[in-house]
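Working notes for the structure below.
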There are 2 protein chains.
Amino acid sequence: MPFHKITAADISHFSSILDARYVHTDSEQISRCASDQTEDLHYPPEVVLQPGSTEEVSSIMKYCNEQRIPVTPRGAGTGLSGGALPVFGGVALDMKRFNKILHIDKRNFQVTTEPGVITQELQEQLKAEGLFYPPDPASKGSCFIGGNVSENSGGPRAVKYGVVKDYVLNLEIVLPDGQVIWTGANVLKNATGYNLTQLIVGSEGTLAVITKIVLRLIPAVKHDLLLLVPFRSPVEACAAVNAIFLAGYTPSALEFMERDALEWSMRYVQSTGISLPEDIAAHLLIEVDGNHTDELYRDAEAISQIVQQYDIGEILFADSHEQKQMLWTLRRKVGEAVKSNSIYKEEDTVVPRAELPELLQIIKKLGKEYGFRSVCYGHAGDGNLHVNIVKGEMSDDDWKTKLPLGIRQLFKEVTRLGGTLSGEHGIGLVQKEYMDIAFSETQLLLMRQIKQVFDPNGILNPGKILINP
Amino acid sequence: MPFHKITAADISHFSSILDARYVHTDSEQISRCASDQTEDLHYPPEVVLQPGSTEEVSSIMKYCNEQRIPVTPRGAGTGLSGGALPVFGGVALDMKRFNKILHIDKRNFQVTTEPGVITQELQEQLKAEGLFYPPDPASKGSCFIGGNVSENSGGPRAVKYGVVKDYVLNLEIVLPDGQVIWTGANVLKNATGYNLTQLIVGSEGTLAVITKIVLRLIPAVKHDLLLLVPFRSPVEACAAVNAIFLAGYTPSALEFMERDALEWSMRYVQSTGISLPEDIAAHLLIEVDGNHTDELYRDAEAISQIVQQYDIGEILFADSHEQKQMLWTLRRKVGEAVKSNSIYKEEDTVVPRAELPELLQIIKKLGKEYGFRSVCYGHAGDGNLHVNIVKGEMSDDDWKTKLPLGIRQLFKEVTRLGGTLSGEHGIGLVQKEYMDIAFSETQLLLMRQIKQVFDPNGILNPGKILINP
């Protein structure tokens, strides 16, 4: 793609759109926007722009579209598929100034927010009003809601409450040519034309820049209980997941962790809160929630009975705030813990829930075949298993050439099981080479043509999702 | 559009694709496929084709695309926006032979079905397996699941369980040029490329022909209770809806009926099961469901307390199967009852829930201004109000020229309240002239371009959703 390289004249033009203090070319800002949380990748933009209004985003897009300057929108930079990496340089469109919750509409159980609000802060402000926005990615303490919408994020509660797409009612977006539209309406049901809202959700910043988000909310839930169940066999732990649903229970979280995942996380956060007997190979972390504690204890008891049909250790039953916090911290820190331990790649496999035990066996078998070690954990209730492949002793050569073959094989098996490449991290930069496994040329052509409709000059987040946009 | 008129050679070609007994040009079949449940509209196709396999649909589409023959897919013909009307003649693609439930995957809480299965039959077969597919449009006893997907249908339970789009995981579709693809994967979470599945759901048969549907399911719910609450003021009934949610309750149905709606329905089904004192102006029908009856009675009692803050009559508390059936029949038959009473037009307004009282007042005010009578009822818990405008004493002239101005004004008010044109019936033929109220030219252009991507020759269900596709 013959993109235009940014010149002094462009910088001067940007400084006429934005206050000059929001136009950055210094190495610190450039370097900050060159990376996200995806492996150790580094793609510096030529300039970092920090617009503060929809109008400013519109002016920037209009100019960059005319000048053929690539624009990569950036949230908090917590992405795991490289969606925010400016792989062709150009503009990093840093959305951090879009940090206001615009309107909490308690009467209608809706919130209108800017995209640069930290997800956990949004959740806490809503909770104070008796409202509940459930999706809670592991990075909720630092990620932006706009990034969550762009990636269609999930998190532990998705198993009961659904993912981000299930909460987005309407979006204000700036198209690559600078035009501003809303994608839908602020209503719970909508059968009015094509669903532009759902086309933008999960499009990873490749179709438009999100500037306002309307989310539906539900009444806050008052109570929850947490169980940590140790299993002697990881495959049995996966099988128990399905048994819980078949018995008619829908926990508010149902997380799986291989022994390594929990052990590394405990070391990483220096926790001694739980004991990890040598014969324990995996854990399920199971949460139930509701408004009546008697019902929660009854459900937790019934779930305990179900898992006791398997070969398990002693169930840890957490009903104090501190215990629950401790367990959730251990779960949420697994990703960082693995990252701190070794160079790694993270796959975000997702299969129909009942296929989890087979998926886990396949991963370990492929590991032996291709010489990689993996740490697996994730949202077992959704069939969404994160596979962290650690470099460890693997040679650089094998890491670069042999491992991708193993990952291809893994994704082939995943699709054979009815699954697909990514459950919640997105395709971004690092998974796009595998898209041909999940999709035929006809499907990919439809996606390329949709990209063309929105972004005919291909300036918005180029190099993501599709190999040849 | 210069569509090709069907010739004897075309019929002969169709008879080479299908067994000749599934190629119909007789007046009975033509007439059957000329109408759906939308007003008294009648647009005869030139031929009715009844394919029995994806391959047959593919061959038909390929041929019609090459020959520029318009194709209008048809489910059970229960649509309320004219989506199945062959307004340009050509082929009526009657999907009734796609009537098999292909695979009930109990392990994964999924079902794969053909589109020509009657929704209620699907629900009953699933229920027998302990599985629950919630969306239940009023026409569930006769409509097809494929039509439900095409229109993104709702129904009473949407308020707790969501609409069709919230259950569709994956679709097998035939593109207008005959190519066959799946839109997604059979997984609960998916962040893999653009969401083609959600683009097809609700696209009213204008982008592709649906040939297989994968739905996610939830565990069957064991019990429910039903309350019929009479109000002396319809606006207070609408206000009570919001009070229930603000108190933290999410009923499994929360339906509103104006007095006329219930009265006409009682007369239509010749029911004497409930008394209707003269001072009662509207009703709420409120269902709660769950697996433990003690909790249901507790919730029903709490909801009773909330509605008693308003000026209400005596609450009818239905816990026997017969009583519940009677009340649901009355609710489901309102549409037919109105239709049997007068020529009418049905609008499917939807607004943020708390705006319902204002919407109802606006409708009545516009009625006075433009001289129309309306019977209002619908899914108040979703802010989705059906406005049945009855012709009654209105002159033919006013019906044709003055009423559309009143409807335009109504939709302008609906959008001002944050709502939109259709909650669950779709745009189809009869609402497309109002699309400019809900959408700007930029938004409409995006939709037209998406239509172009899927259907460059414009042969699939032409004349629907968009004025100039």
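Letters for chains follow the order of the structure tokens (A, B, ...), residue numbers begin at 1 for each chain, and ligand numbers begin at 1 in the order shown.
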Apply DSSP to the structure's backbone, then extract all residues of region 27-235 of chain A labelled strand (DSSP E) and return them as a ChimeraX atom specification. /A:47-49,71-74,91-94,101-105,110-113,131-132,168-174,180-182,209-216,218-219,223-231
Polymer residues at most 10 Å from Glu295 (chain A), only C-alpha atoms, same-chain spacing of 6 or more positions, as a list in words: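 What passes the distance filter is Val288, Asp289 and Glu301 of chain A; His292 and Glu295 of chain B.
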Just how far from CA of Gly205 (chain A) is CA of Lys189 (chain A), in Å to one decimal?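 Value for the CA of Lys189 (chain A)-CA of Gly205 (chain A) distance: 25.1 Å.
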Expected answer as a PyMOL selection string: chain A residues within 6 Å of chain B, only C-alpha atoms: chain A and resi 107-108+185-192+194-195+199+203+219+248+351-354+382+418-419+422-424+426-427
Expressed in Å to a single decimal, how great is the separation between CA of Leu41 (chain B) and CA of Gly75 (chain B)?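 Pair CA of Leu41 (chain B) / CA of Gly75 (chain B) returns 16.6 Å.
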Near Gly89 (chain B), counting only C-alpha atoms, which residues have an atom at most 8 Å away, once you skip same-chain residues fewer than 5 positions from it, shown as an MDAnalysis selection string? chainID B and resid 43:46 70
Output file for the selection above: N, CA, C and O atoms, as a short mmCIF file (atom, residue, chain, number, x, y, z; two decimals), in the first residue's frame:
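Generated output (out_33.cif):
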data_model
loop_
_atom_site.label_atom_id
_atom_site.label_comp_id
_atom_site.auth_asym_id
_atom_site.auth_seq_id
_atom_site.Cartn_x
_atom_site.Cartn_y
_atom_site.Cartn_z
N TYR B 43 -49.16 -9.47 -4.00
CA TYR B 43 -48.18 -9.34 -5.08
C TYR B 43 -47.83 -10.73 -5.60
O TYR B 43 -46.95 -11.39 -5.05
N PRO B 44 -48.47 -11.19 -6.64
CA PRO B 44 -48.24 -12.57 -7.09
C PRO B 44 -46.86 -12.78 -7.70
O PRO B 44 -46.39 -11.94 -8.47
N PRO B 45 -46.20 -13.87 -7.33
CA PRO B 45 -44.97 -14.26 -8.02
C PRO B 45 -45.33 -14.87 -9.38
O PRO B 45 -46.51 -15.14 -9.65
N GLU B 46 -44.33 -15.07 -10.22
CA GLU B 46 -44.60 -15.74 -11.51
C GLU B 46 -44.50 -17.26 -11.36
O GLU B 46 -45.14 -17.99 -12.11
N PRO B 70 -35.93 -11.93 -10.21
CA PRO B 70 -36.04 -11.65 -8.77
C PRO B 70 -36.49 -12.88 -7.99
O PRO B 70 -37.33 -13.66 -8.45
#
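The alpha helix (DSSP H) portion of region 90-151 of chain A consists of Thr119, Gln120, Glu121, Leu122, Gln123, Glu124, Gln125, Leu126, Lys127, Ile145, Gly146, Gly147, Asn148, Val149, Ser150 and Glu151 of chain A, with states taken from DSSP on the backbone.
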Residue contacts of Thr272 (chain A) (12 Å, only C-alpha atoms) excluding same-chain residues fewer than 5 positions away, as an mmCIF file with C-alpha atoms, in the first residue's frame:
data_model
loop_
_atom_site.group_PDB
_atom_site.id
_atom_site.type_symbol
_atom_site.label_atom_id
_atom_site.label_comp_id
_atom_site.auth_asym_id
_atom_site.auth_seq_id
_atom_site.Cartn_x
_atom_site.Cartn_y
_atom_site.Cartn_z
ATOM 1 C CA LEU A 262 -2.370 -21.151 39.242
ATOM 2 C CA GLU A 263 1.115 -21.947 40.515
ATOM 3 C CA SER A 265 0.156 -16.743 39.327
ATOM 4 C CA MET A 266 0.622 -17.509 43.047
ATOM 5 C CA ARG A 267 4.355 -17.007 42.665
ATOM 6 C CA GLN A 323 -11.057 -14.660 50.072
ATOM 7 C CA MET A 326 -7.635 -13.294 46.580
ATOM 8 C CA LEU A 327 -8.995 -16.012 44.280
ATOM 9 C CA LEU A 330 -4.914 -15.179 41.213
#
Considering only C-alpha atoms, can you say which of B:Gln361, B:Gln67, B:Ser58, B:Asn468 comes closest to Cys238 (chain B)? B:Gln361
Could you name the residues that touch Leu410 (chain B) at 12 Å or less, counting only C-alpha atoms, but leaving out those on the same chain fewer than 2 positions away, as a count of residues only? 37
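Note that the spacing between CA of Ser81 (chain A) and CA of Ser31 (chain A) amounts to 18.1 Å.
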Extract, using only C-alpha atoms, all DNA, RNA and protein residues at most 12 Å from Ala8 (chain B), discarding same-chain residues fewer than 3 positions from it, and format them as a PyMOL selection string. chain B and resi 5+11-15+23+25+46-47
Taking only C-alpha atoms into account, which of B:Val48, B:Ile101, B:Val338, B:Leu169 comes nearest Cys376 (chain B)? B:Val338
Considering only C-alpha atoms, return as a PyMOL selection string whatever protein or nucleic-acid residues lie within 8 Å of Leu215 (chain A), sequence-local ones (same chain, fewer than 5 positions apart) excluded. chain A and resi 110-112+167-170
Output file for the residues above (N, CA, C and O atoms, as a PDB file, in the first residue's frame):
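For reference, out.pdb as written:
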ATOM      1  N   GLN A 110     -29.594   2.369  30.963  1.00  0.00           N
ATOM      2  CA  GLN A 110     -28.636   2.561  29.881  1.00  0.00           C
ATOM      3  C   GLN A 110     -27.547   3.519  30.359  1.00  0.00           C
ATOM      4  O   GLN A 110     -27.775   4.343  31.225  1.00  0.00           O
ATOM      5  N   VAL A 111     -26.372   3.409  29.729  1.00  0.00           N
ATOM      6  CA  VAL A 111     -25.331   4.400  29.960  1.00  0.00           C
ATOM      7  C   VAL A 111     -24.765   4.818  28.606  1.00  0.00           C
ATOM      8  O   VAL A 111     -24.620   3.989  27.710  1.00  0.00           O
ATOM      9  N   THR A 112     -24.509   6.107  28.474  1.00  0.00           N
ATOM     10  CA  THR A 112     -23.791   6.609  27.302  1.00  0.00           C
ATOM     11  C   THR A 112     -22.420   7.040  27.777  1.00  0.00           C
ATOM     12  O   THR A 112     -22.307   7.864  28.690  1.00  0.00           O
ATOM     13  N   TYR A 167     -24.423  -6.217  25.002  1.00  0.00           N
ATOM     14  CA  TYR A 167     -24.772  -5.015  25.771  1.00  0.00           C
ATOM     15  C   TYR A 167     -24.723  -3.724  24.962  1.00  0.00           C
ATOM     16  O   TYR A 167     -25.200  -2.700  25.421  1.00  0.00           O
ATOM     17  N   VAL A 168     -24.140  -3.772  23.760  1.00  0.00           N
ATOM     18  CA  VAL A 168     -24.018  -2.542  22.976  1.00  0.00           C
ATOM     19  C   VAL A 168     -25.317  -2.295  22.220  1.00  0.00           C
ATOM     20  O   VAL A 168     -25.743  -3.112  21.410  1.00  0.00           O
ATOM     21  N   LEU A 169     -25.953  -1.152  22.495  1.00  0.00           N
ATOM     22  CA  LEU A 169     -27.197  -0.798  21.815  1.00  0.00           C
ATOM     23  C   LEU A 169     -26.941   0.116  20.626  1.00  0.00           C
ATOM     24  O   LEU A 169     -27.636   0.047  19.618  1.00  0.00           O
ATOM     25  N   ASN A 170     -25.947   0.984  20.734  1.00  0.00           N
ATOM     26  CA  ASN A 170     -25.817   2.049  19.754  1.00  0.00           C
ATOM     27  C   ASN A 170     -24.411   2.617  19.871  1.00  0.00           C
ATOM     28  O   ASN A 170     -23.843   2.634  20.963  1.00  0.00           O
TER      29      ASN A 170
END
Selected residue of minimal separation from Ala318 (chain B) among B:Leu225, B:Ile459, B:Val430, B:Leu285, counting only C-alpha atoms: B:Leu225
